[in-house]
Structures are given as C-alpha cells and as structure tokens.
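A.B. asks: Take a look at this one; I'll ask things after.
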2 protein chains.
Amino acid sequence: MVYARLGDDLLLHGAPATRLFRDLRTGPEVCVTVTLVDGLVLARSAFNHTVNYRSVVVFGPAAPLEGEEERRVALDAITDRLVPGRSPSLRPMSEKELKGTRVIRVPLVEASAKISAGWPEDEDEDYELPIWAGVLPMRTVTGPAKADRRNHDGVPVPEHVRAMETD
Amino acid sequence: MVYARLGDDLLLHGAPATRLFRDLRTGPEVCVTVTLVDGLVLARSAFNHTVNYRSVVVFGPAAPLEGEEERRVALDAITDRLVPGRSPSLRPMSEKELKGTRVIRVPLVEASAKISAGWPEDEDEDYELPIWAGVLPMRTVTGPAKADRRNHDGVPVPEHVRAMETD
C-alpha cells in the first residue's frame, strides 16, 4: 500500500468500499509494518542463513480525516511520497475524487524500528570449514521511464520523473 | 519471511519461541500473502495513479511438520528457495538445529493470484491535457556477492551464488 508521513502522522488511503477501509472508518487500533530487504546473508550452515533488512512497526489508533482540505493535503503528500514533486504537475483533484477516497491517519506515537545489517555469524567450529560464506546485496532499481503512447507530442519526461530513475 | 513451495504445500519456518510460531503450532487457519511491485503507474490525475504488481493470497490450515526427516527435507527446500543449489554445499544440519526449528505446512488448496500490469487509465477528458503520463518500472537486483573476510583462501564464489547475481 502507498503511504506517506506528514509531520508525526502516517497517512493511508483507499476506496471507502473496500473491507479494509470500511473497518478503518471506526477508528480501531492498527499495526502497520514496512520492510525493506537489503540482502541475503549466506552462512556456513543453513541454520545461520539470514536476511539483512530494515523494518518498522507502527501501532496506533486509525483516525479517518473528515475535512475536505485536510484530505486534499494528505492525498497530495501521498502522491509526492510516491514520486516527489509530482502533484503540482497534475490535473487538480475533483470534488468527486476527494469524496471517493478515504484517508486514514495513524499518529506515530508508538513505533519500533529494527535493522539487520551484517555478515554471517557462524558457530565457532564452522569457520574451519572451506565453505564460501558472504552477503548477496539486494536493492530495488527504478526506470527507465516509459512514456504513455497517448502523451501529447513534445511533452518531455519531467524532471521529477527523471529524478526517480536509478537504472 | 523466507518460504518455499514443495509440491502443493507452502512451507514456513521459524524459532518455536516466537509468538507467531507458538500460535501456528496449534494449527490455525492462516492467510499468507506475497506481493512483488513491478512499477509505478503515473497517470494524468492523482486519483488514477496506481502500481503494477503481482500478488498471491493463500488461505489454509497451518500444520506443523512433526517428523525429523520431513522437517529436514522442508528446511533444505527453504534454503534452496533462497539460493537454488545452496543446501548441498553446507555443513549438514545438526540434531539440535532440527529440534530448534519449527516448520509449518500450509496446503495450497485455496489461493488467489492477482496481476496488475499496464498503462495509466485516465478519464476521457484528461487525455487532452499535456501532462506526461507513463510507467516507472521497478525491479529488484541482486549482487555482486561480497565474500566474508573469514572465508578460507582459494575458496571461489560458488556457481550457485554467481547464478544469483543480476548486477
């Protein structure tokens, strides 16, 4: 799910008709997690194989945003979390779209981050074995951007899209 | 979480002391999901922005594997799901490691796959706007492998690790 952070709030959005967003309307306590995998840690035994990662767990009361203006600000933040700088280039949101999107705020009061970054940790005696151990780094690459065939002639790839390309 | 498929079973593993694997011991119905993000779909309106993805949802009864031999086969499958061909190169699992790992099977009886792969779908009138729309592909790359500093001299990067390198 796409999300954004605005100040000390986590913002989520979705269609009011989906079960998740129907349930969130009543303001339950929720748990939201995000995990990024940074690599595979290959040890000398299967048991000590692991993964390098960064993860965060957020607990808190889900609160729907009721005001139209605060929903508009939150949705722009979500768009710009996906592609920084994109929202000013778009056709403005319509009333119908604003009404048709539920936005949920989870205050970042209770959160826990965990990072695992390192090398294989084997049993002492296993270091004597001539087994190759190490780390296989993993990362997500983005791009190159592909233009929609219905774009107007002469509209270049915008700078905010170019800035996302890592590949 | 690392997982494997063996025949028509999904296999999960973990330490018996963790809350998740304590709960799974009693064989509850579980829901397991895997999602791969393939790209960002940038439309002419914020509302029509979306993500290309492949996801699967599996429902079923979690059943702990009790036999030592079936746990060994399952754990090898999980290692080889992470890095195909790795398990034969490792120090064999000890009795203690086998006893210290819970393995859970979820039969693939009820599962649902969903793929979103495509281009922006905008409102008819929005195609008249000179806004750049398109797709930003995303993919995960792996490698290059980094050797542990405690590897023995002359131990080359094995072929099963080389085969994982996409970068």
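Ordering of the structure tokens sets the chain letters (A, B, ...); residue numbers start at 1 within each chain; ligands are numbered from 1 in the order shown.
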Can you list every residue in range 62-165 of chain B that DSSP puts in helix (DSSP H, G or I), as JSON, numbers by chain?
C.D. replies: {"B": [68, 69, 70, 71, 72, 73, 74, 75, 76, 77, 78, 79, 80, 81, 82, 87, 88, 89, 95, 96, 97, 98, 99, 124, 125, 126, 127, 128, 159, 160, 161, 162]}
A.B. asks: Could you turn the residues from that selection into a file that holds N, CA and C atoms, as a compact mmCIF listing (two decimals), in the first residue's frame?
C.D. replies:
# COMPACT_ATOMS: atom_id res chain seq x y z
N GLU B 68 11.22 -35.77 11.92
CA GLU B 68 12.52 -35.15 11.76
C GLU B 68 12.94 -35.14 10.28
N GLU B 69 12.70 -36.24 9.59
CA GLU B 69 13.13 -36.32 8.20
C GLU B 69 12.33 -35.36 7.31
N GLU B 70 11.03 -35.25 7.54
CA GLU B 70 10.26 -34.31 6.70
C GLU B 70 10.63 -32.87 7.03
N ARG B 71 11.03 -32.61 8.27
CA ARG B 71 11.49 -31.25 8.59
C ARG B 71 12.81 -30.96 7.88
N ARG B 72 13.68 -31.97 7.81
CA ARG B 72 14.97 -31.78 7.14
C ARG B 72 14.76 -31.48 5.64
N VAL B 73 13.90 -32.25 5.00
CA VAL B 73 13.60 -32.04 3.58
C VAL B 73 13.01 -30.64 3.36
N ALA B 74 12.11 -30.24 4.26
CA ALA B 74 11.44 -28.94 4.13
C ALA B 74 12.46 -27.80 4.31
N LEU B 75 13.34 -27.94 5.29
CA LEU B 75 14.32 -26.87 5.54
C LEU B 75 15.31 -26.75 4.39
N ASP B 76 15.71 -27.88 3.81
CA ASP B 76 16.56 -27.83 2.61
C ASP B 76 15.83 -27.09 1.48
N ALA B 77 14.53 -27.36 1.34
CA ALA B 77 13.76 -26.69 0.28
C ALA B 77 13.72 -25.19 0.52
N ILE B 78 13.62 -24.78 1.79
CA ILE B 78 13.57 -23.35 2.10
C ILE B 78 14.93 -22.70 1.79
N THR B 79 16.02 -23.37 2.16
CA THR B 79 17.36 -22.84 1.83
C THR B 79 17.52 -22.71 0.32
N ASP B 80 17.08 -23.73 -0.40
CA ASP B 80 17.26 -23.73 -1.86
C ASP B 80 16.25 -22.83 -2.57
N ARG B 81 15.20 -22.39 -1.88
CA ARG B 81 14.32 -21.37 -2.42
C ARG B 81 15.03 -20.01 -2.35
N LEU B 82 15.81 -19.82 -1.28
CA LEU B 82 16.55 -18.57 -1.09
C LEU B 82 17.67 -18.49 -2.13
N SER B 87 21.95 -25.72 -0.50
CA SER B 87 21.96 -26.66 0.64
C SER B 87 23.03 -27.75 0.51
N PRO B 88 23.32 -28.32 -0.69
CA PRO B 88 24.34 -29.38 -0.75
C PRO B 88 25.75 -28.88 -0.41
N SER B 89 25.97 -27.58 -0.45
CA SER B 89 27.32 -27.05 -0.20
C SER B 89 27.57 -26.77 1.28
N GLU B 95 21.24 -32.25 14.87
CA GLU B 95 20.01 -32.63 15.58
C GLU B 95 19.44 -31.44 16.34
N LYS B 96 20.35 -30.71 16.97
CA LYS B 96 19.92 -29.59 17.80
C LYS B 96 19.24 -28.51 16.95
N GLU B 97 19.81 -28.25 15.76
CA GLU B 97 19.22 -27.24 14.88
C GLU B 97 17.85 -27.69 14.39
N LEU B 98 17.75 -28.99 14.04
CA LEU B 98 16.47 -29.53 13.58
C LEU B 98 15.41 -29.42 14.67
N LYS B 99 15.80 -29.75 15.89
CA LYS B 99 14.85 -29.67 17.01
C LYS B 99 14.49 -28.22 17.32
N ASP B 124 -11.56 10.23 -19.75
CA ASP B 124 -11.51 10.59 -21.18
C ASP B 124 -11.01 12.02 -21.41
N GLU B 125 -11.56 12.96 -20.63
CA GLU B 125 -11.23 14.37 -20.87
C GLU B 125 -9.79 14.69 -20.47
N ASP B 126 -9.19 13.86 -19.61
CA ASP B 126 -7.83 14.16 -19.14
C ASP B 126 -6.77 13.88 -20.21
N TYR B 127 -7.15 13.09 -21.21
CA TYR B 127 -6.17 12.84 -22.29
C TYR B 127 -5.89 14.09 -23.12
N GLU B 128 -6.74 15.08 -22.97
CA GLU B 128 -6.50 16.34 -23.70
C GLU B 128 -5.43 17.20 -23.04
N GLU B 159 29.23 -21.42 -8.00
CA GLU B 159 28.37 -21.20 -9.15
C GLU B 159 26.93 -20.86 -8.73
N HIS B 160 26.44 -21.51 -7.65
CA HIS B 160 25.05 -21.24 -7.22
C HIS B 160 24.89 -19.81 -6.69
N VAL B 161 25.99 -19.20 -6.24
CA VAL B 161 25.93 -17.79 -5.82
C VAL B 161 26.07 -16.88 -7.04
N ARG B 162 27.01 -17.20 -7.93
CA ARG B 162 27.17 -16.44 -9.19
C ARG B 162 25.85 -16.36 -9.95
A.B. asks: I need the contact residues of chain A against chain B, so if you could list those with any atom within 6 Å, counting only C-alpha atoms, and return them as a ChimeraX atom specification, that would help.
C.D. replies: /A:44-45,90-91,130,133-143,145-148,152
A.B. asks: Can you list, as a list in words, every protein, DNA or RNA residue that comes within 9 Å of Asp8 in chain B when you count only C-alpha atoms, leaving out same-chain residues fewer than 6 positions away?
C.D. replies: Val106, Pro107, Leu108 and Val109 of chain B
